[in-house]
$ cat target-v1.tsv   # TSV, C-alpha atoms and all ligand atoms
chain	number	residue	atom	x	y	z
A	1	MET	CA	126.73	102.43	92.11
A	2	TYR	CA	123.81	101.06	94.13
A	3	ASN	CA	120.98	98.64	93.57
A	4	PRO	CA	117.62	100.49	93.76
A	5	VAL	CA	115.78	97.43	95.05
A	6	SER	CA	118.22	96.96	97.95
A	7	LEU	CA	118.04	100.68	98.64
A	8	SER	CA	114.22	100.45	98.73
A	9	GLU	CA	114.42	97.88	101.52
A	10	LYS	CA	116.88	99.97	103.50
A	11	VAL	CA	114.84	103.15	103.12
A	12	GLU	CA	111.60	101.33	103.94
A	13	SER	CA	113.01	100.32	107.32
A	14	ILE	CA	113.61	104.02	108.06
A	15	VAL	CA	110.44	105.64	106.74
A	16	THR	CA	107.78	103.10	107.68
A	17	SER	CA	106.65	101.47	110.89
A	18	GLY	CA	103.70	99.06	110.53
A	19	ASN	CA	101.17	101.04	108.51
A	20	LEU	CA	102.74	104.38	109.47
A	21	ARG	CA	104.74	106.33	106.89
A	22	LYS	CA	106.94	109.39	107.18
A	23	TYR	CA	105.89	112.68	105.57
A	24	TYR	CA	107.50	116.09	105.88
A	25	ARG	CA	104.88	118.44	104.48
A	26	PHE	CA	101.20	118.82	103.53
A	27	ARG	CA	100.30	121.67	101.21
A	28	ALA	CA	98.07	123.13	98.54
A	29	THR	CA	99.90	123.50	95.21
A	30	ARG	CA	99.06	124.89	91.77
A	31	PHE	CA	100.27	121.80	89.87
A	32	TYR	CA	97.63	120.07	87.72
A	33	GLY	CA	95.49	123.19	88.05
A	34	GLY	CA	95.34	122.88	91.86
A	35	ILE	CA	95.95	119.82	94.02
A	36	ALA	CA	96.27	118.93	97.70
A	37	THR	CA	99.72	117.39	98.21
A	38	ALA	CA	101.37	115.20	100.83
A	39	ASP	CA	105.17	115.03	100.53
A	40	THR	CA	106.73	111.74	101.58
A	41	VAL	CA	110.16	111.10	103.03
A	42	GLY	CA	112.55	108.58	101.48
A	43	CYS	CA	113.38	107.42	97.98
A	44	ASN	CA	114.98	104.38	96.35
A	45	LEU	CA	116.90	106.51	93.82
A	46	ARG	CA	119.44	109.30	94.21
A	47	CYS	CA	118.88	111.32	91.04
A	48	LYS	CA	121.62	113.87	90.55
A	49	PHE	CA	119.02	116.52	89.66
A	50	CYS	CA	116.68	115.82	92.60
A	51	TRP	CA	115.27	118.91	94.33
A	52	SER	CA	113.89	117.05	97.33
A	53	GLY	CA	116.85	117.67	99.64
A	54	ASN	CA	116.78	116.16	103.13
A	55	SER	CA	113.61	114.16	102.51
A	56	VAL	CA	115.66	111.98	100.15
A	57	TRP	CA	119.21	112.46	101.32
A	58	ASN	CA	118.60	112.43	105.08
A	59	ALA	CA	115.38	110.46	105.60
A	60	LYS	CA	116.31	109.41	109.10
A	61	ASN	CA	116.23	112.93	110.48
A	62	THR	CA	113.37	114.27	108.39
A	63	GLY	CA	109.60	114.23	108.81
A	64	ASP	CA	107.14	112.50	111.13
A	65	PHE	CA	105.11	109.31	111.03
A	66	TYR	CA	101.43	109.45	110.04
A	67	THR	CA	98.69	106.87	109.74
A	68	PRO	CA	96.91	106.43	106.38
A	69	GLU	CA	93.75	107.95	107.96
A	70	GLN	CA	95.63	111.06	109.08
A	71	VAL	CA	97.11	111.59	105.62
A	72	ALA	CA	93.74	111.05	103.90
A	73	GLU	CA	91.97	113.45	106.28
A	74	THR	CA	94.62	116.15	105.85
A	75	LEU	CA	94.49	115.87	102.04
A	76	LYS	CA	90.70	116.04	102.15
A	77	ARG	CA	90.71	119.12	104.39
A	78	ILE	CA	93.19	120.97	102.15
A	79	ALA	CA	91.30	120.00	98.97
A	80	GLU	CA	87.94	121.08	100.39
A	81	GLU	CA	89.29	124.38	101.70
A	82	LYS	CA	90.75	125.19	98.28
A	83	GLY	CA	87.95	123.70	96.16
A	84	TYR	CA	90.26	121.12	94.53
A	85	ASN	CA	89.05	117.78	93.20
A	86	GLN	CA	92.51	116.17	93.15
A	87	VAL	CA	94.97	114.94	95.75
A	88	ARG	CA	98.44	113.45	95.40
A	89	VAL	CA	101.45	112.05	97.16
A	90	SER	CA	104.74	113.48	95.99
A	91	GLY	CA	108.15	114.33	97.47
A	92	GLY	CA	110.13	111.10	97.81
A	93	GLU	CA	108.96	107.72	96.47
A	94	PRO	CA	105.38	107.01	97.65
A	95	THR	CA	105.41	103.31	96.67
A	96	ILE	CA	107.88	102.58	99.48
A	97	GLY	CA	105.57	101.31	102.22
A	98	ARG	CA	103.01	99.29	100.26
A	99	LYS	CA	100.75	98.63	103.23
A	100	HIS	CA	100.51	102.33	104.02
A	101	LEU	CA	99.84	103.34	100.42
A	102	ILE	CA	97.11	100.75	99.85
A	103	GLU	CA	95.39	101.70	103.12
A	104	LEU	CA	95.74	105.39	102.26
A	105	LEU	CA	94.03	104.83	98.90
A	106	GLY	CA	91.25	103.00	100.73
A	107	HIS	CA	90.64	106.12	102.85
A	108	ILE	CA	90.61	108.62	99.97
A	109	ASP	CA	87.11	109.87	99.23
A	110	LYS	CA	86.13	108.61	95.75
A	111	LYS	CA	85.16	112.13	94.71
A	112	PHE	CA	88.89	112.94	94.50
A	113	LEU	CA	91.25	111.87	91.75
A	114	PHE	CA	94.39	110.51	93.43
A	115	ILE	CA	97.61	111.11	91.48
A	116	LEU	CA	100.45	108.79	92.38
A	117	GLU	CA	103.81	110.20	91.32
A	118	THR	CA	106.36	107.42	91.20
A	119	ASN	CA	109.60	106.33	89.61
A	120	GLY	CA	107.90	102.95	89.07
A	121	ILE	CA	110.79	100.78	90.32
A	122	LEU	CA	108.73	98.90	92.91
A	123	LEU	CA	105.76	98.57	90.56
A	124	GLY	CA	107.97	97.03	87.90
A	125	LEU	CA	109.50	94.71	90.46
A	126	ASP	CA	106.21	93.15	91.51
A	127	LYS	CA	103.16	92.84	89.28
A	128	THR	CA	100.93	92.08	92.26
A	129	TYR	CA	101.54	95.61	93.56
A	130	VAL	CA	100.06	97.04	90.34
A	131	LYS	CA	97.19	94.56	90.51
A	132	GLU	CA	96.42	95.74	94.04
A	133	LEU	CA	96.47	99.36	92.89
A	134	SER	CA	94.07	98.57	90.05
A	135	ARG	CA	91.25	98.17	92.61
A	136	PHE	CA	91.19	101.96	92.90
A	137	ARG	CA	89.50	103.47	89.87
A	138	ASN	CA	90.01	107.07	91.04
A	139	LEU	CA	93.77	106.56	90.65
A	140	HIS	CA	96.09	108.02	88.01
A	141	VAL	CA	99.75	106.98	88.02
A	142	ARG	CA	102.46	109.30	86.72
A	143	VAL	CA	105.64	107.32	86.11
A	144	CYS	CA	108.77	109.45	85.89
A	145	LEU	CA	111.33	107.76	83.63
A	146	LYS	CA	114.90	108.72	84.39
A	147	GLY	CA	116.47	108.70	80.96
A	148	CYS	CA	115.77	107.14	77.57
A	149	THR	CA	118.09	104.14	77.94
A	150	PRO	CA	119.53	101.98	80.76
A	151	GLU	CA	122.83	103.85	80.35
A	152	GLU	CA	121.25	107.27	80.72
A	153	PHE	CA	119.23	106.00	83.70
A	154	SER	CA	122.44	104.97	85.40
A	155	TRP	CA	124.17	108.25	84.55
A	156	LEU	CA	121.27	110.35	85.91
A	157	THR	CA	120.64	108.34	89.06
A	158	GLY	CA	123.96	106.70	89.90
A	159	ALA	CA	122.02	103.40	90.17
A	160	GLU	CA	122.58	100.07	88.44
A	161	LYS	CA	121.18	99.93	84.91
A	162	ASN	CA	118.58	97.26	85.74
A	163	GLY	CA	116.49	99.98	87.43
A	164	PHE	CA	115.48	101.21	83.97
A	165	GLU	CA	114.07	97.79	83.12
A	166	TYR	CA	111.88	97.97	86.23
A	167	GLN	CA	110.65	101.38	85.11
A	168	LEU	CA	109.61	99.97	81.73
A	169	LYS	CA	108.08	96.89	83.37
A	170	ALA	CA	105.94	99.20	85.52
A	171	LEU	CA	104.48	100.69	82.33
A	172	GLU	CA	103.78	97.23	80.97
A	173	TYR	CA	101.98	96.17	84.16
A	174	LEU	CA	99.96	99.40	84.34
A	175	ARG	CA	98.90	98.81	80.72
A	176	ASP	CA	97.96	95.19	81.47
A	177	GLU	CA	95.84	96.23	84.45
A	178	ASN	CA	94.17	98.96	82.43
A	179	LEU	CA	95.13	101.66	84.89
A	180	SER	CA	95.14	105.33	83.98
A	181	PHE	CA	98.77	106.47	83.64
A	182	ASN	CA	101.21	108.69	81.80
A	183	ILE	CA	104.95	109.17	81.53
A	184	ALA	CA	107.04	112.09	82.74
A	185	LEU	CA	110.49	111.97	81.20
A	186	VAL	CA	113.78	113.39	82.41
A	187	SER	CA	116.44	113.16	79.74
A	188	THR	CA	119.25	115.33	78.47
A	189	LYS	CA	119.26	113.52	75.13
A	190	LYS	CA	118.21	115.58	72.12
A	191	ASP	CA	117.26	112.42	70.25
A	192	LYS	CA	114.71	110.46	72.23
A	193	GLN	CA	113.69	108.19	69.36
A	194	ASN	CA	115.17	105.07	71.00
A	195	LEU	CA	112.70	105.35	73.83
A	196	PHE	CA	109.78	106.28	71.60
A	197	ASN	CA	110.47	103.20	69.44
A	198	LYS	CA	110.58	101.03	72.54
A	199	LEU	CA	107.23	102.41	73.72
A	200	ILE	CA	105.68	101.78	70.31
A	201	GLU	CA	106.97	98.19	70.48
A	202	MET	CA	105.27	97.88	73.87
A	203	GLY	CA	101.97	99.11	72.43
A	204	LEU	CA	102.35	102.43	74.26
A	205	GLY	CA	102.86	104.67	71.26
A	206	LYS	CA	99.86	106.81	72.21
A	207	ILE	CA	100.70	107.29	75.85
A	208	PHE	CA	100.94	110.91	76.98
A	209	ILE	CA	104.58	111.90	77.68
A	210	GLU	CA	105.44	115.06	79.59
A	211	ILE	CA	109.01	116.25	79.36
A	212	GLU	CA	109.91	117.15	82.92
A	213	GLU	CA	111.66	120.44	83.36
A	214	ILE	CA	114.45	120.36	85.92
A	215	LYS	CA	114.51	123.39	88.17
A	216	LEU	CA	118.07	124.44	88.93
A	217	TYR	CA	117.63	125.35	92.60
A	218	PRO	CA	120.96	126.30	94.25
A	219	ALA	CA	121.43	122.87	95.91
A	220	VAL	CA	120.59	121.06	92.65
A	221	LYS	CA	122.97	123.28	90.72
A	222	LYS	CA	125.72	122.64	93.22
A	223	ARG	CA	125.26	118.86	93.05
A	224	LEU	CA	125.16	118.83	89.24
A	225	LYS	CA	128.27	120.97	89.13
A	226	ARG	CA	130.10	118.62	91.49
A	227	GLU	CA	129.11	115.70	89.26
A	228	GLU	CA	130.24	117.64	86.16
A	229	MET	CA	126.71	117.35	84.74
A	230	LEU	CA	125.49	120.93	85.00
A	231	LYS	CA	126.18	121.85	81.38
A	232	TYR	CA	123.81	119.12	80.19
A	233	PHE	CA	120.93	120.68	82.13
A	234	GLN	CA	121.55	124.24	81.03
A	235	GLY	CA	120.02	123.83	77.61
A	301	LIG	S1	113.06	109.55	92.06
A	301	LIG	FE1	112.35	111.65	92.45
A	301	LIG	S2	112.48	111.91	94.67
A	301	LIG	FE2	113.69	110.11	94.13
A	301	LIG	S3	115.78	110.86	93.94
A	301	LIG	FE3	114.85	110.86	91.89
A	301	LIG	S4	114.00	112.93	91.64
A	301	LIG	FE4	114.41	112.63	93.83
$ encode --input "target-v1.tsv" --output "structure tokens"
Amino acid sequence: MYNPVSLSEKVESIVTSGNLRKYYRFRATRFYGGIATADTVGCNLRCKFCWSGNSVWNAKNTGDFYTPEQVAETLKRIAEEKGYNQVRVSGGEPTIGRKHLIELLGHIDKKFLFILETNGILLGLDKTYVKELSRFRNLHVRVCLKGCTPEEFSWLTGAEKNGFEYQLKALEYLRDENLSFNIALVSTKKDKQNLFNKLIEMGLGKIFIEIEEIKLYPAVKKRLKREEMLKYFQG
């Protein structure tokens, strides 16, 4: 069992240096109908179903450091070549390295919608981070909830249960700052009503929820099997 906030600090010391941040890949993808994507290195969770491989599990030996300008220029070039109007940061956890992310957003051409894919832990930890993000009106945040309850969060990620509270706090802060956001949900529970009730209580009953499909790549399958969790992901 680990504490995701302590892990964030540890990972940050590996994947950032000043305003530089590690990335391992830049690509055009078909998600969201076509989007230029920068994949970061390093995460503050260790989800049992994670497909990211070395970028999460071996951050030290993966990727290279880039400035915010370099990342913004590369995303712009890919988007323009492909005729996309959206860019995103994906891969590991992009909110690790606040200085880099805020500067990166400042360099993104306003004609692009920037989609921030996050587990929300660091946003729920510090409201001022969300406030800072709210300056960027071409931003959409996609918060991926790991489970419907603190217990399921812990089971799926191996992290302490309090991480789930930070995820929910992130939603609250995003709502308060009037940011555009939605939820992606990973859960093996058939009955998700607990979570839906909680969201209604929080005034988020109308928020768009995507159910995230877990791809059983060989490495993911192997890990889930080792953890005796595979059967829960096989439908
Ligand atoms: S939050 Fe995402 S990148 Fe991080 S371990 Fe979980 S699935 Fe992987």
$ closest_atom_pairs --input "target-v1.tsv" --of "chain A" --to "ligand LIG 301 (chain A)" --cutoff "10 Å" --atoms "all atoms listed in the file" --output "JSON lines"
{"residue": "A:Asp39", "atom": "CA", "partner": "A:LIG301", "partner_atom": "S2", "distance": 9.9}
{"residue": "A:Thr40", "atom": "CA", "partner": "A:LIG301", "partner_atom": "S2", "distance": 9.0}
{"residue": "A:Val41", "atom": "CA", "partner": "A:LIG301", "partner_atom": "S2", "distance": 8.7}
{"residue": "A:Gly42", "atom": "CA", "partner": "A:LIG301", "partner_atom": "S2", "distance": 7.6}
{"residue": "A:Cys43", "atom": "CA", "partner": "A:LIG301", "partner_atom": "FE2", "distance": 4.7}
{"residue": "A:Asn44", "atom": "CA", "partner": "A:LIG301", "partner_atom": "FE2", "distance": 6.3}
{"residue": "A:Leu45", "atom": "CA", "partner": "A:LIG301", "partner_atom": "S3", "distance": 4.5}
{"residue": "A:Arg46", "atom": "CA", "partner": "A:LIG301", "partner_atom": "S3", "distance": 4.0}
{"residue": "A:Cys47", "atom": "CA", "partner": "A:LIG301", "partner_atom": "FE3", "distance": 4.1}
{"residue": "A:Lys48", "atom": "CA", "partner": "A:LIG301", "partner_atom": "S3", "distance": 7.4}
{"residue": "A:Phe49", "atom": "CA", "partner": "A:LIG301", "partner_atom": "S4", "distance": 6.5}
{"residue": "A:Cys50", "atom": "CA", "partner": "A:LIG301", "partner_atom": "S4", "distance": 4.1}
{"residue": "A:Trp51", "atom": "CA", "partner": "A:LIG301", "partner_atom": "FE4", "distance": 6.4}
{"residue": "A:Ser52", "atom": "CA", "partner": "A:LIG301", "partner_atom": "FE4", "distance": 5.7}
{"residue": "A:Gly53", "atom": "CA", "partner": "A:LIG301", "partner_atom": "FE4", "distance": 8.1}
{"residue": "A:Ser55", "atom": "CA", "partner": "A:LIG301", "partner_atom": "S2", "distance": 8.2}
{"residue": "A:Val56", "atom": "CA", "partner": "A:LIG301", "partner_atom": "S3", "distance": 6.3}
{"residue": "A:Trp57", "atom": "CA", "partner": "A:LIG301", "partner_atom": "S3", "distance": 8.3}
{"residue": "A:Ser90", "atom": "CA", "partner": "A:LIG301", "partner_atom": "S2", "distance": 8.0}
{"residue": "A:Gly91", "atom": "CA", "partner": "A:LIG301", "partner_atom": "S2", "distance": 5.7}
{"residue": "A:Gly92", "atom": "CA", "partner": "A:LIG301", "partner_atom": "S2", "distance": 4.0}
{"residue": "A:Glu93", "atom": "CA", "partner": "A:LIG301", "partner_atom": "S2", "distance": 5.8}
{"residue": "A:Pro94", "atom": "CA", "partner": "A:LIG301", "partner_atom": "S2", "distance": 9.1}
{"residue": "A:Glu117", "atom": "CA", "partner": "A:LIG301", "partner_atom": "FE1", "distance": 8.7}
{"residue": "A:Thr118", "atom": "CA", "partner": "A:LIG301", "partner_atom": "S1", "distance": 7.1}
{"residue": "A:Asn119", "atom": "CA", "partner": "A:LIG301", "partner_atom": "S1", "distance": 5.3}
{"residue": "A:Gly120", "atom": "CA", "partner": "A:LIG301", "partner_atom": "S1", "distance": 8.9}
{"residue": "A:Ile121", "atom": "CA", "partner": "A:LIG301", "partner_atom": "S1", "distance": 9.2}
{"residue": "A:Val143", "atom": "CA", "partner": "A:LIG301", "partner_atom": "S1", "distance": 9.8}
{"residue": "A:Cys144", "atom": "CA", "partner": "A:LIG301", "partner_atom": "S1", "distance": 7.5}
{"residue": "A:Leu145", "atom": "CA", "partner": "A:LIG301", "partner_atom": "S1", "distance": 8.8}
{"residue": "A:Lys146", "atom": "CA", "partner": "A:LIG301", "partner_atom": "FE3", "distance": 7.8}
{"residue": "A:Leu156", "atom": "CA", "partner": "A:LIG301", "partner_atom": "FE3", "distance": 8.8}
{"residue": "A:Thr157", "atom": "CA", "partner": "A:LIG301", "partner_atom": "FE3", "distance": 6.9}
{"residue": "A:Val186", "atom": "CA", "partner": "A:LIG301", "partner_atom": "S4", "distance": 9.2}
{"residue": "A:Ile214", "atom": "CA", "partner": "A:LIG301", "partner_atom": "S4", "distance": 9.4}
$ closest_residue --input "target-v1.tsv" --among "A:Tyr66, A:Tyr232, A:Phe181, A:Phe196" --to "Phe208 (chain A)" --atoms "only C-alpha atoms"
A:Phe181
$ closest_residue --input "target-v1.tsv" --among "A:Val130, A:Ile200, A:Leu122, A:Ala38" --to "Ile102 (chain A)" --atoms "only C-alpha atoms"
A:Val130
$ closest_residue --input "target-v1.tsv" --among "A:Ala170, A:Leu113, A:Ala28, A:Ile14" --to "Asp64 (chain A)" --atoms "all atoms listed in the file"
A:Ile14
$ atom_distance --input "target-v1.tsv" --atom1 "CA of Gly33 (chain A)" --atom2 "CA of Leu174 (chain A)"
24.5 Å
$ residues_near_point --input "target-v1.tsv" --point "(92.2, 113.1, 98.3)" --cutoff "10 Å" --atoms "only C-alpha atoms" --output "ChimeraX atom specification"
/A:35-38,71-80,84-89,104-105,107-115,138
